[in-house]
$ cat coords.tsv   # TSV, C-alpha atoms (C1' of nucleotides)
chain	number	residue	atom	x	y	z
A	1	MET	CA	-0.42	-32.99	9.02
A	2	ILE	CA	-2.05	-29.81	10.19
A	3	ASP	CA	-5.81	-29.84	10.56
A	4	PHE	CA	-6.75	-26.70	8.70
A	5	VAL	CA	-10.47	-27.35	8.98
A	6	ARG	CA	-10.14	-27.37	12.73
A	7	ILE	CA	-8.17	-24.13	12.73
A	8	LEU	CA	-10.85	-22.46	10.64
A	9	ILE	CA	-13.67	-23.65	12.88
A	10	GLU	CA	-11.80	-22.57	15.98
A	11	HIS	CA	-11.63	-19.09	14.48
A	12	ASN	CA	-15.33	-19.04	13.63
A	13	ILE	CA	-14.74	-19.34	9.93
A	14	ALA	CA	-16.78	-21.82	7.93
A	15	PRO	CA	-14.42	-24.11	6.03
A	16	SER	CA	-14.51	-24.17	2.25
A	17	ILE	CA	-12.07	-25.56	-0.27
A	18	GLN	CA	-10.86	-22.08	-1.12
A	19	ARG	CA	-10.34	-21.11	2.51
A	20	ILE	CA	-8.58	-24.36	3.36
A	21	LYS	CA	-6.22	-24.03	0.41
A	22	ILE	CA	-5.41	-20.42	1.17
A	23	LEU	CA	-4.72	-21.23	4.80
A	24	GLU	CA	-2.60	-24.21	3.77
A	25	TYR	CA	-0.61	-22.05	1.40
A	26	LEU	CA	0.04	-19.41	4.03
A	27	SER	CA	1.16	-21.92	6.63
A	28	LYS	CA	3.36	-23.78	4.17
A	29	TYR	CA	5.09	-20.94	2.37
A	30	LYS	CA	6.02	-18.28	4.86
A	31	THR	CA	7.02	-15.85	2.17
A	32	HIS	CA	4.61	-13.14	3.35
A	33	PRO	CA	2.78	-13.30	0.05
A	34	THR	CA	0.56	-10.65	-1.42
A	35	ALA	CA	-3.00	-11.51	-2.46
A	36	ASP	CA	-1.83	-11.71	-6.03
A	37	MET	CA	0.95	-14.19	-5.27
A	38	ILE	CA	-1.52	-16.45	-3.50
A	39	TYR	CA	-3.96	-16.21	-6.37
A	40	ARG	CA	-1.38	-17.04	-9.02
A	41	GLU	CA	-0.29	-20.16	-7.17
A	42	LEU	CA	-3.67	-21.49	-6.16
A	43	VAL	CA	-5.45	-20.94	-9.46
A	44	LYS	CA	-3.29	-23.82	-10.71
A	45	GLN	CA	-5.04	-26.12	-8.24
A	46	ILE	CA	-8.46	-24.47	-8.31
A	47	PRO	CA	-8.95	-23.22	-11.87
A	48	THR	CA	-12.25	-21.52	-11.03
A	49	LEU	CA	-10.68	-19.51	-8.22
A	50	SER	CA	-11.46	-15.82	-8.31
A	51	LYS	CA	-9.11	-13.12	-7.17
A	52	THR	CA	-11.97	-11.55	-5.26
A	53	THR	CA	-12.24	-14.72	-3.21
A	54	VAL	CA	-8.60	-14.42	-2.27
A	55	TYR	CA	-9.10	-10.83	-1.17
A	56	ASN	CA	-12.29	-11.67	0.73
A	57	THR	CA	-10.67	-14.62	2.44
A	58	LEU	CA	-7.60	-12.69	3.49
A	59	LYS	CA	-9.83	-9.97	4.88
A	60	THR	CA	-11.89	-12.48	6.82
A	61	PHE	CA	-8.81	-14.25	8.15
A	62	THR	CA	-7.33	-10.97	9.27
A	63	GLU	CA	-10.52	-9.87	11.00
A	64	LYS	CA	-10.75	-13.19	12.82
A	65	GLY	CA	-7.16	-12.93	13.98
A	66	LEU	CA	-5.79	-15.75	11.90
A	67	LEU	CA	-3.48	-13.50	9.92
A	68	THR	CA	-1.72	-10.21	10.32
A	69	ALA	CA	-1.66	-7.72	7.50
A	70	LEU	CA	1.78	-6.25	7.08
A	71	ALA	CA	2.38	-2.88	5.59
A	72	ILE	CA	6.02	-3.16	4.87
A	73	PHE	CA	7.08	-1.08	1.94
A	74	ASP	CA	6.31	-0.29	-1.63
A	75	ASN	CA	2.61	0.05	-1.30
A	76	GLU	CA	1.61	-3.56	-1.11
A	77	ILE	CA	-0.10	-5.54	1.59
A	78	ARG	CA	1.46	-8.81	2.61
A	79	TYR	CA	0.02	-11.40	4.93
A	80	ASP	CA	1.62	-13.30	7.74
A	81	PHE	CA	0.32	-16.39	9.44
A	82	ASN	CA	0.21	-15.44	13.10
A	83	THR	CA	3.05	-16.82	15.10
A	84	ASP	CA	5.45	-15.24	17.51
A	85	GLN	CA	6.31	-11.59	17.33
A	86	HIS	CA	9.10	-11.10	14.90
A	87	ILE	CA	10.80	-8.49	12.84
A	88	HIS	CA	10.42	-8.13	9.10
A	89	PHE	CA	13.20	-7.25	6.76
A	90	LYS	CA	12.63	-6.43	3.11
A	91	CYS	CA	15.44	-6.53	0.60
A	92	SER	CA	15.29	-3.56	-1.74
A	93	LYS	CA	17.13	-5.51	-4.45
A	94	CYS	CA	15.28	-8.80	-4.74
A	95	GLY	CA	12.09	-7.79	-2.94
A	96	LEU	CA	12.04	-10.82	-0.64
A	97	VAL	CA	10.79	-10.42	2.90
A	98	PHE	CA	12.71	-12.18	5.63
A	99	ASP	CA	11.77	-12.88	9.22
A	100	LEU	CA	14.35	-11.89	11.74
A	101	ASP	CA	14.57	-13.11	15.27
A	102	GLY	CA	14.24	-10.65	18.04
A	103	SER	CA	11.55	-9.77	20.46
A	104	HIS	CA	10.81	-6.17	21.13
A	105	ASP	CA	9.79	-5.98	24.72
A	106	THR	CA	10.27	-2.26	24.70
A	107	PHE	CA	6.88	-1.76	23.18
A	108	ASN	CA	5.01	-4.39	25.11
A	109	GLU	CA	2.83	-1.73	26.61
A	110	ASP	CA	-0.90	-1.37	26.26
A	111	PHE	CA	-0.77	2.40	26.31
A	112	ILE	CA	1.89	4.81	25.11
A	113	GLU	CA	1.48	8.54	25.64
A	114	GLY	CA	-2.23	7.91	26.19
A	115	HIS	CA	-2.79	6.01	22.96
A	116	LYS	CA	-4.07	2.47	23.09
A	117	ILE	CA	-1.72	0.15	21.21
A	118	THR	CA	-3.12	-2.89	19.43
A	119	GLU	CA	-0.35	-3.77	16.98
A	120	TYR	CA	3.28	-3.06	16.62
A	121	HIS	CA	5.50	-3.76	13.71
A	122	ILE	CA	9.20	-3.42	13.21
A	123	ASN	CA	10.22	-3.23	9.60
A	124	LEU	CA	13.77	-3.04	8.38
A	125	LYS	CA	14.93	-2.39	4.87
A	126	GLY	CA	18.24	-2.98	3.24
A	127	ILE	CA	20.12	-5.48	1.11
A	128	CYS	CA	19.89	-9.14	1.97
A	129	LYS	CA	22.70	-11.58	2.50
A	130	ASN	CA	22.23	-13.19	-0.90
A	131	CYS	CA	22.17	-9.97	-2.87
A	132	LEU	CA	25.26	-8.76	-1.02
A	133	LYS	CA	27.05	-11.93	-2.08
A	134	LYS	CA	26.10	-11.40	-5.72
A	135	GLU	CA	27.25	-7.78	-5.58
A	136	SER	CA	30.69	-8.62	-4.25
A	137	LYS	CA	31.42	-10.91	-7.17
B	1	MET	CA	12.87	31.51	8.49
B	2	ILE	CA	14.23	28.35	6.96
B	3	ASP	CA	16.18	28.71	3.75
B	4	PHE	CA	14.55	26.07	1.61
B	5	VAL	CA	16.50	27.02	-1.49
B	6	ARG	CA	19.71	26.33	0.35
B	7	ILE	CA	18.46	22.96	1.58
B	8	LEU	CA	17.55	21.95	-1.96
B	9	ILE	CA	20.90	23.01	-3.37
B	10	GLU	CA	22.74	21.20	-0.59
B	11	HIS	CA	20.91	18.05	-1.65
B	12	ASN	CA	21.74	18.52	-5.33
B	13	ILE	CA	18.20	19.42	-6.25
B	14	ALA	CA	17.61	22.41	-8.50
B	15	PRO	CA	15.16	24.77	-6.79
B	16	SER	CA	11.85	25.52	-8.43
B	17	ILE	CA	8.71	27.11	-7.05
B	18	GLN	CA	7.01	23.73	-6.89
B	19	ARG	CA	9.88	22.09	-5.08
B	20	ILE	CA	10.28	24.93	-2.64
B	21	LYS	CA	6.59	24.92	-1.79
B	22	ILE	CA	6.47	21.15	-1.34
B	23	LEU	CA	9.50	21.22	0.92
B	24	GLU	CA	8.03	24.11	2.87
B	25	TYR	CA	4.78	22.24	3.29
B	26	LEU	CA	6.52	19.12	4.54
B	27	SER	CA	8.65	20.99	7.02
B	28	LYS	CA	5.73	23.05	8.27
B	29	TYR	CA	3.02	20.44	8.61
B	30	LYS	CA	4.51	17.31	10.03
B	31	THR	CA	1.37	15.32	9.40
B	32	HIS	CA	3.12	12.68	7.31
B	33	PRO	CA	1.03	13.62	4.32
B	34	THR	CA	0.37	11.49	1.29
B	35	ALA	CA	1.11	12.87	-2.18
B	36	ASP	CA	-2.56	13.59	-2.59
B	37	MET	CA	-2.79	15.61	0.63
B	38	ILE	CA	0.13	17.74	-0.47
B	39	TYR	CA	-1.39	18.28	-3.88
B	40	ARG	CA	-4.78	19.32	-2.54
B	41	GLU	CA	-3.21	21.91	-0.26
B	42	LEU	CA	-0.68	23.39	-2.65
B	43	VAL	CA	-2.93	23.61	-5.68
B	44	LYS	CA	-4.64	26.44	-3.79
B	45	GLN	CA	-1.40	28.43	-3.96
B	46	ILE	CA	-0.18	27.15	-7.34
B	47	PRO	CA	-3.28	26.62	-9.45
B	48	THR	CA	-1.33	25.11	-12.34
B	49	LEU	CA	0.26	22.49	-10.11
B	50	SER	CA	0.09	18.98	-11.45
B	51	LYS	CA	-0.25	15.90	-9.32
B	52	THR	CA	2.52	14.29	-11.35
B	53	THR	CA	4.85	17.05	-10.21
B	54	VAL	CA	4.08	16.22	-6.62
B	55	TYR	CA	4.84	12.56	-7.22
B	56	ASN	CA	8.03	13.34	-9.14
B	57	THR	CA	9.19	15.76	-6.48
B	58	LEU	CA	8.55	13.37	-3.62
B	59	LYS	CA	10.45	10.68	-5.48
B	60	THR	CA	13.39	12.99	-6.11
B	61	PHE	CA	13.43	14.19	-2.51
B	62	THR	CA	13.40	10.62	-1.26
B	63	GLU	CA	16.19	9.55	-3.58
B	64	LYS	CA	18.31	12.48	-2.48
B	65	GLY	CA	17.75	11.67	1.17
B	66	LEU	CA	15.65	14.68	1.99
B	67	LEU	CA	12.59	12.62	2.88
B	68	THR	CA	11.76	9.16	4.09
B	69	ALA	CA	8.92	7.22	2.57
B	70	LEU	CA	6.89	5.53	5.26
B	71	ALA	CA	4.92	2.40	4.65
B	72	ILE	CA	2.64	2.52	7.60
B	73	PHE	CA	-0.65	0.90	6.96
B	74	ASP	CA	-3.57	0.81	4.65
B	75	ASN	CA	-1.69	0.76	1.42
B	76	GLU	CA	-0.68	4.37	1.19
B	77	ILE	CA	2.70	6.00	1.11
B	78	ARG	CA	3.33	8.85	3.46
B	79	TYR	CA	6.33	11.12	3.59
B	80	ASP	CA	8.35	12.32	6.50
B	81	PHE	CA	10.83	15.15	6.56
B	82	ASN	CA	14.01	13.57	7.84
B	83	THR	CA	14.69	14.32	11.44
B	84	ASP	CA	15.54	12.14	14.36
B	85	GLN	CA	14.56	8.55	14.51
B	86	HIS	CA	11.09	8.24	15.89
B	87	ILE	CA	8.20	5.89	16.13
B	88	HIS	CA	5.01	6.22	14.14
B	89	PHE	CA	1.60	5.48	15.47
B	90	LYS	CA	-1.48	5.36	13.30
B	91	CYS	CA	-4.96	5.59	14.75
B	92	SER	CA	-7.28	3.11	13.11
B	93	LYS	CA	-10.31	5.30	13.94
B	94	CYS	CA	-9.37	8.75	12.71
B	95	GLY	CA	-6.46	7.77	10.47
B	96	LEU	CA	-4.07	10.35	11.91
B	97	VAL	CA	-0.41	9.48	12.21
B	98	PHE	CA	1.36	10.56	15.37
B	99	ASP	CA	5.05	10.70	16.15
B	100	LEU	CA	6.02	9.06	19.39
B	101	ASP	CA	9.21	9.63	21.29
B	102	GLY	CA	11.53	6.76	21.79
B	103	SER	CA	14.79	5.73	20.33
B	104	HIS	CA	15.34	2.15	19.39
B	105	ASP	CA	18.97	1.46	19.94
B	106	THR	CA	18.37	-2.25	19.66
B	107	PHE	CA	18.44	-2.02	15.92
B	108	ASN	CA	21.26	0.44	15.56
B	109	GLU	CA	23.29	-2.18	13.81
B	110	ASP	CA	24.59	-2.06	10.26
B	111	PHE	CA	24.20	-5.79	9.77
B	112	ILE	CA	21.70	-8.24	11.22
B	113	GLU	CA	21.98	-11.93	10.45
B	114	GLY	CA	24.17	-11.03	7.49
B	115	HIS	CA	21.74	-8.56	5.94
B	116	LYS	CA	22.77	-4.95	5.46
B	117	ILE	CA	20.31	-2.62	7.15
B	118	THR	CA	19.68	0.79	5.66
B	119	GLU	CA	16.35	1.78	7.20
B	120	TYR	CA	14.36	0.77	10.17
B	121	HIS	CA	10.84	1.67	11.00
B	122	ILE	CA	8.73	1.04	14.03
B	123	ASN	CA	5.03	1.34	13.38
B	124	LEU	CA	2.35	1.02	15.99
B	125	LYS	CA	-1.36	0.86	15.42
B	126	GLY	CA	-4.23	1.39	17.77
B	127	ILE	CA	-6.68	3.99	18.94
B	128	CYS	CA	-5.43	7.46	19.72
B	129	LYS	CA	-5.95	9.49	22.84
B	130	ASN	CA	-8.57	11.70	21.24
B	131	CYS	CA	-10.65	8.88	19.83
B	132	LEU	CA	-10.53	7.06	23.16
B	133	LYS	CA	-11.91	10.17	24.82
B	134	LYS	CA	-14.78	10.38	22.32
B	135	GLU	CA	-15.60	6.69	22.80
B	136	SER	CA	-15.86	6.93	26.56
B	137	LYS	CA	-18.52	9.63	26.33
C	1	DT	C1'	19.84	35.98	-27.53
C	2	DC	C1'	20.01	31.10	-28.38
C	3	DC	C1'	20.23	26.51	-27.22
C	4	DA	C1'	20.56	22.34	-24.62
C	5	DT	C1'	18.84	20.54	-20.64
C	6	DA	C1'	15.83	20.01	-16.82
C	7	DT	C1'	11.19	20.63	-15.09
C	8	DT	C1'	6.35	20.76	-15.28
C	9	DT	C1'	2.06	19.51	-17.00
C	10	DG	C1'	-2.00	16.67	-18.56
C	11	DT	C1'	-3.56	12.54	-20.25
C	12	DA	C1'	-3.58	7.82	-20.50
C	13	DA	C1'	-2.07	3.49	-18.64
C	14	DT	C1'	-1.21	0.37	-14.85
C	15	DC	C1'	-1.72	-2.04	-10.62
C	16	DA	C1'	-3.82	-3.31	-6.32
C	17	DT	C1'	-7.98	-3.39	-4.18
C	18	DT	C1'	-13.01	-2.97	-3.49
C	19	DA	C1'	-18.06	-2.88	-4.76
C	20	DC	C1'	-21.65	-5.22	-6.37
C	21	DA	C1'	-24.82	-8.43	-8.09
C	22	DA	C1'	-25.68	-12.93	-9.78
C	23	DG	C1'	-24.87	-17.82	-9.37
C	24	DA	C1'	-23.50	-21.87	-6.55
C	25	DA	C1'	-22.99	-24.33	-2.37
C	26	DT	C1'	-24.32	-25.35	2.32
C	27	DG	C1'	-26.81	-26.72	6.28
C	28	DA	C1'	-30.82	-26.75	9.04
C	29	DA	C1'	-35.89	-27.40	9.33
C	30	DA	C1'	-39.93	-29.62	7.68
D	1	DT	C1'	-35.37	-35.97	0.86
D	2	DT	C1'	-36.95	-31.47	-0.36
D	3	DT	C1'	-37.10	-26.62	0.64
D	4	DC	C1'	-35.37	-22.43	1.89
D	5	DA	C1'	-32.52	-19.02	3.87
D	6	DT	C1'	-27.97	-17.96	4.39
D	7	DT	C1'	-23.37	-17.83	3.25
D	8	DC	C1'	-19.61	-18.24	-0.29
D	9	DT	C1'	-17.78	-17.70	-4.59
D	10	DT	C1'	-17.31	-15.69	-8.89
D	11	DG	C1'	-16.76	-12.17	-12.63
D	12	DT	C1'	-17.12	-7.68	-14.04
D	13	DA	C1'	-16.92	-3.04	-13.26
D	14	DA	C1'	-15.42	0.76	-10.40
D	15	DT	C1'	-12.09	3.08	-7.55
D	16	DG	C1'	-7.83	5.10	-6.00
D	17	DA	C1'	-2.98	5.54	-5.93
D	18	DT	C1'	0.81	5.71	-8.76
D	19	DT	C1'	3.53	5.69	-13.05
D	20	DA	C1'	4.56	6.32	-18.11
D	21	DC	C1'	4.93	9.29	-21.58
D	22	DA	C1'	5.17	13.08	-24.61
D	23	DA	C1'	4.42	17.86	-25.30
D	24	DA	C1'	4.96	22.43	-23.37
D	25	DT	C1'	7.51	25.42	-20.45
D	26	DA	C1'	11.23	27.27	-17.82
D	27	DT	C1'	16.14	27.65	-16.78
D	28	DG	C1'	20.98	28.66	-16.91
D	29	DG	C1'	25.10	28.91	-19.51
D	30	DA	C1'	27.71	29.96	-23.96

$ encode --input "coords.tsv" --output "structure tokens"
Amino acid sequence: MIDFVRILIEHNIAPSIQRIKILEYLSKYKTHPTADMIYRELVKQIPTLSKTTVYNTLKTFTEKGLLTALAIFDNEIRYDFNTDQHIHFKCSKCGLVFDLDGSHDTFNEDFIEGHKITEYHINLKGICKNCLKKESK
Amino acid sequence: MIDFVRILIEHNIAPSIQRIKILEYLSKYKTHPTADMIYRELVKQIPTLSKTTVYNTLKTFTEKGLLTALAIFDNEIRYDFNTDQHIHFKCSKCGLVFDLDGSHDTFNEDFIEGHKITEYHINLKGICKNCLKKESK
DNA sequence: TCCATATTTGTAATCATTACAAGAATGAAA
DNA sequence: TTTCATTCTTGTAATGATTACAAATATGGA
């Protein structure tokens, strides 16, 4: 049982039911959800939940380093609970985002060509295993 | 002098003034512009230009493989005239997108973990050379 | 020239996100 | 415990990018 309250406090975020539930959702379902996906799920548990709260919370979490905002494709922001560096793959058929293994030491540099690097993302696009299987039938 | 008409025809796209100008703009100013940036520039030359035309054209170009749509950050789509593989770096201060050298052979595979890969993007974020210089003053 | 087709245009709709202000909850001080 | 300031949450309205759609225009071939 993960202590979400503790995690919030350690990141200087005051715990609230909304924040705890959003954090719980993100750590449980690593589907790189959008704000809207999170809202649609959690409003079932918290009927008074506002979409603005979801957006505010995700912004706060990201600022405090609890989440990373991914800009993958298709003009939508998805959120990832911070863990190890990994690669994201989005299927252009079903829209699911997969994590792929693989470190990318190549870009483990603080400065490249004089620019200071704070984040690096590797995003692949293609057709996922499952959709390929369906196609071949 | 690049023959834009020829490029369009080779990609099965019927040439029109709008399409030629948009292609010319993209090949000339490699600033990874958004649709809106392209519109604001070209409407000076083609006063009747519609923003919808810009969107339609960019979509057509992308479908025909003439452009790549980049999903970098901040929920905006930017377009890149297809050239060699390169890395994109976006400055979080000034918002400019820079191309960085560097090939990434690691991901030159057609399949990874069973998924078919069609595109791969490496996006870095940070503070650019110029903004660093301004800060230190 | 005429016609079918493709392209462009402008407006309205959509979707994600943000701004804002009011209401509710919280926690510390008296 | 009450009070008060502060922080969170909520709902509505605004914004900004993009898309849908239908009418107007341009194009190339018969």

$ calpha_fit_and_write --input "coords.tsv" --fixed "chain B" --moving "chain A" --output "CSV table (one decimal) with C-alpha atoms, in the frame of the given file"
chain,number,residue,atom,x,y,z
A,1,MET,CA,12.6,31.6,8.5
A,2,ILE,CA,14.0,28.5,7.0
A,3,ASP,CA,16.0,28.8,3.8
A,4,PHE,CA,14.4,26.1,1.7
A,5,VAL,CA,16.4,27.1,-1.4
A,6,ARG,CA,19.6,26.4,0.5
A,7,ILE,CA,18.4,23.1,1.7
A,8,LEU,CA,17.5,22.0,-1.9
A,9,ILE,CA,20.9,23.1,-3.2
A,10,GLU,CA,22.7,21.3,-0.4
A,11,HIS,CA,20.9,18.2,-1.5
A,12,ASN,CA,21.7,18.6,-5.1
A,13,ILE,CA,18.2,19.5,-6.1
A,14,ALA,CA,17.6,22.5,-8.4
A,15,PRO,CA,15.2,24.8,-6.7
A,16,SER,CA,11.8,25.5,-8.4
A,17,ILE,CA,8.7,27.1,-7.1
A,18,GLN,CA,7.0,23.7,-6.9
A,19,ARG,CA,9.9,22.1,-5.1
A,20,ILE,CA,10.2,25.0,-2.6
A,21,LYS,CA,6.5,24.9,-1.8
A,22,ILE,CA,6.4,21.2,-1.4
A,23,LEU,CA,9.4,21.3,0.9
A,24,GLU,CA,7.9,24.2,2.9
A,25,TYR,CA,4.7,22.3,3.3
A,26,LEU,CA,6.4,19.2,4.6
A,27,SER,CA,8.5,21.1,7.1
A,28,LYS,CA,5.6,23.1,8.3
A,29,TYR,CA,2.9,20.5,8.6
A,30,LYS,CA,4.4,17.3,10.0
A,31,THR,CA,1.3,15.3,9.4
A,32,HIS,CA,3.1,12.7,7.3
A,33,PRO,CA,1.0,13.6,4.3
A,34,THR,CA,0.4,11.5,1.3
A,35,ALA,CA,1.1,12.8,-2.2
A,36,ASP,CA,-2.5,13.5,-2.6
A,37,MET,CA,-2.8,15.6,0.6
A,38,ILE,CA,0.1,17.7,-0.5
A,39,TYR,CA,-1.4,18.2,-3.9
A,40,ARG,CA,-4.8,19.2,-2.6
A,41,GLU,CA,-3.3,21.9,-0.4
A,42,LEU,CA,-0.7,23.3,-2.7
A,43,VAL,CA,-2.9,23.5,-5.8
A,44,LYS,CA,-4.7,26.4,-3.9
A,45,GLN,CA,-1.5,28.3,-4.1
A,46,ILE,CA,-0.2,27.1,-7.4
A,47,PRO,CA,-3.3,26.5,-9.6
A,48,THR,CA,-1.3,25.0,-12.4
A,49,LEU,CA,0.3,22.4,-10.2
A,50,SER,CA,0.2,18.9,-11.5
A,51,LYS,CA,-0.2,15.8,-9.4
A,52,THR,CA,2.6,14.2,-11.4
A,53,THR,CA,4.9,17.0,-10.2
A,54,VAL,CA,4.1,16.2,-6.6
A,55,TYR,CA,4.9,12.5,-7.2
A,56,ASN,CA,8.1,13.3,-9.1
A,57,THR,CA,9.2,15.8,-6.4
A,58,LEU,CA,8.6,13.4,-3.6
A,59,LYS,CA,10.5,10.7,-5.4
A,60,THR,CA,13.4,13.0,-6.0
A,61,PHE,CA,13.4,14.2,-2.4
A,62,THR,CA,13.4,10.7,-1.2
A,63,GLU,CA,16.2,9.6,-3.5
A,64,LYS,CA,18.3,12.6,-2.4
A,65,GLY,CA,17.7,11.8,1.3
A,66,LEU,CA,15.6,14.8,2.1
A,67,LEU,CA,12.6,12.7,2.9
A,68,THR,CA,11.8,9.2,4.2
A,69,ALA,CA,9.0,7.3,2.6
A,70,LEU,CA,6.9,5.6,5.3
A,71,ALA,CA,4.9,2.5,4.6
A,72,ILE,CA,2.7,2.5,7.6
A,73,PHE,CA,-0.6,0.9,7.0
A,74,ASP,CA,-3.5,0.8,4.6
A,75,ASN,CA,-1.6,0.8,1.4
A,76,GLU,CA,-0.6,4.4,1.2
A,77,ILE,CA,2.8,6.0,1.1
A,78,ARG,CA,3.3,8.9,3.5
A,79,TYR,CA,6.3,11.1,3.6
A,80,ASP,CA,8.3,12.4,6.5
A,81,PHE,CA,10.8,15.2,6.6
A,82,ASN,CA,14.0,13.7,7.9
A,83,THR,CA,14.7,14.4,11.5
A,84,ASP,CA,15.6,12.2,14.4
A,85,GLN,CA,14.6,8.6,14.5
A,86,HIS,CA,11.1,8.2,15.9
A,87,ILE,CA,8.3,5.9,16.1
A,88,HIS,CA,5.1,6.2,14.1
A,89,PHE,CA,1.7,5.5,15.5
A,90,LYS,CA,-1.4,5.4,13.3
A,91,CYS,CA,-4.9,5.6,14.7
A,92,SER,CA,-7.2,3.1,13.1
A,93,LYS,CA,-10.3,5.4,13.9
A,94,CYS,CA,-9.3,8.8,12.7
A,95,GLY,CA,-6.4,7.8,10.5
A,96,LEU,CA,-4.0,10.4,11.9
A,97,VAL,CA,-0.3,9.5,12.2
A,98,PHE,CA,1.4,10.6,15.3
A,99,ASP,CA,5.1,10.7,16.1
A,100,LEU,CA,6.1,9.1,19.3
A,101,ASP,CA,9.3,9.6,21.2
A,102,GLY,CA,11.6,6.8,21.7
A,103,SER,CA,14.9,5.7,20.2
A,104,HIS,CA,15.4,2.2,19.2
A,105,ASP,CA,19.0,1.5,19.8
A,106,THR,CA,18.3,-2.2,19.6
A,107,PHE,CA,18.4,-2.1,15.9
A,108,ASN,CA,21.3,0.3,15.5
A,109,GLU,CA,23.3,-2.4,13.7
A,110,ASP,CA,24.6,-2.3,10.2
A,111,PHE,CA,24.1,-6.0,9.7
A,112,ILE,CA,21.6,-8.4,11.2
A,113,GLU,CA,21.8,-12.1,10.4
A,114,GLY,CA,24.0,-11.2,7.5
A,115,HIS,CA,21.6,-8.8,5.9
A,116,LYS,CA,22.7,-5.2,5.4
A,117,ILE,CA,20.3,-2.8,7.1
A,118,THR,CA,19.7,0.6,5.6
A,119,GLU,CA,16.4,1.6,7.1
A,120,TYR,CA,14.3,0.6,10.1
A,121,HIS,CA,10.9,1.6,11.0
A,122,ILE,CA,8.7,1.0,14.0
A,123,ASN,CA,5.0,1.3,13.4
A,124,LEU,CA,2.4,1.0,16.0
A,125,LYS,CA,-1.3,0.9,15.4
A,126,GLY,CA,-4.2,1.4,17.8
A,127,ILE,CA,-6.6,4.1,18.9
A,128,CYS,CA,-5.4,7.5,19.7
A,129,LYS,CA,-5.9,9.6,22.8
A,130,ASN,CA,-8.5,11.8,21.2
A,131,CYS,CA,-10.6,9.0,19.8
A,132,LEU,CA,-10.4,7.2,23.2
A,133,LYS,CA,-11.8,10.3,24.8
A,134,LYS,CA,-14.7,10.5,22.3
A,135,GLU,CA,-15.5,6.8,22.8
A,136,SER,CA,-15.7,7.1,26.6
A,137,LYS,CA,-18.4,9.7,26.4

$ residues_near_point --input "coords.tsv" --point "(-8.7, -7.3, -2.2)" --cutoff "8 Å" --atoms "all atoms listed in the file" --output "list in words"
Ala35, Lys51, Thr52, Val54, Tyr55, Asn56, Leu58 and Lys59 of chain A; DA16, DT17 and DT18 of chain C

$ interface_residues --input "coords.tsv" --of "chain D" --to "chain B" --cutoff "10 Å" --atoms "all atoms listed in the file" --output "list in words"
DA17, DT18, DT19, DA26 and DT27 of chain D

$ write_last_selection --input "coords.tsv" --atoms "C-alpha atoms (C1' of nucleotides)" --output "mmCIF file, in the frame of the given file"
data_model
loop_
_atom_site.group_PDB
_atom_site.id
_atom_site.type_symbol
_atom_site.label_atom_id
_atom_site.label_comp_id
_atom_site.auth_asym_id
_atom_site.auth_seq_id
_atom_site.Cartn_x
_atom_site.Cartn_y
_atom_site.Cartn_z
ATOM 1 C "C1'" DA D 17 -2.980 5.540 -5.930
ATOM 2 C "C1'" DT D 18 0.810 5.710 -8.760
ATOM 3 C "C1'" DT D 19 3.530 5.690 -13.050
ATOM 4 C "C1'" DA D 26 11.230 27.270 -17.820
ATOM 5 C "C1'" DT D 27 16.140 27.650 -16.780
#

$ interface_residues --input "coords.tsv" --of "chain C" --to "chain B" --cutoff "10 Å" --atoms "all atoms listed in the file" --output "VMD selection string"
chain C and resid 6 to 10 16 to 17

$ residues_around --input "coords.tsv" --residues "Gly114 in chain B" --least-positions-apart "5" --cutoff "10 Å" --atoms "all atoms listed in the file" --output "VMD selection string"
chain A and resid 127 to 130 132
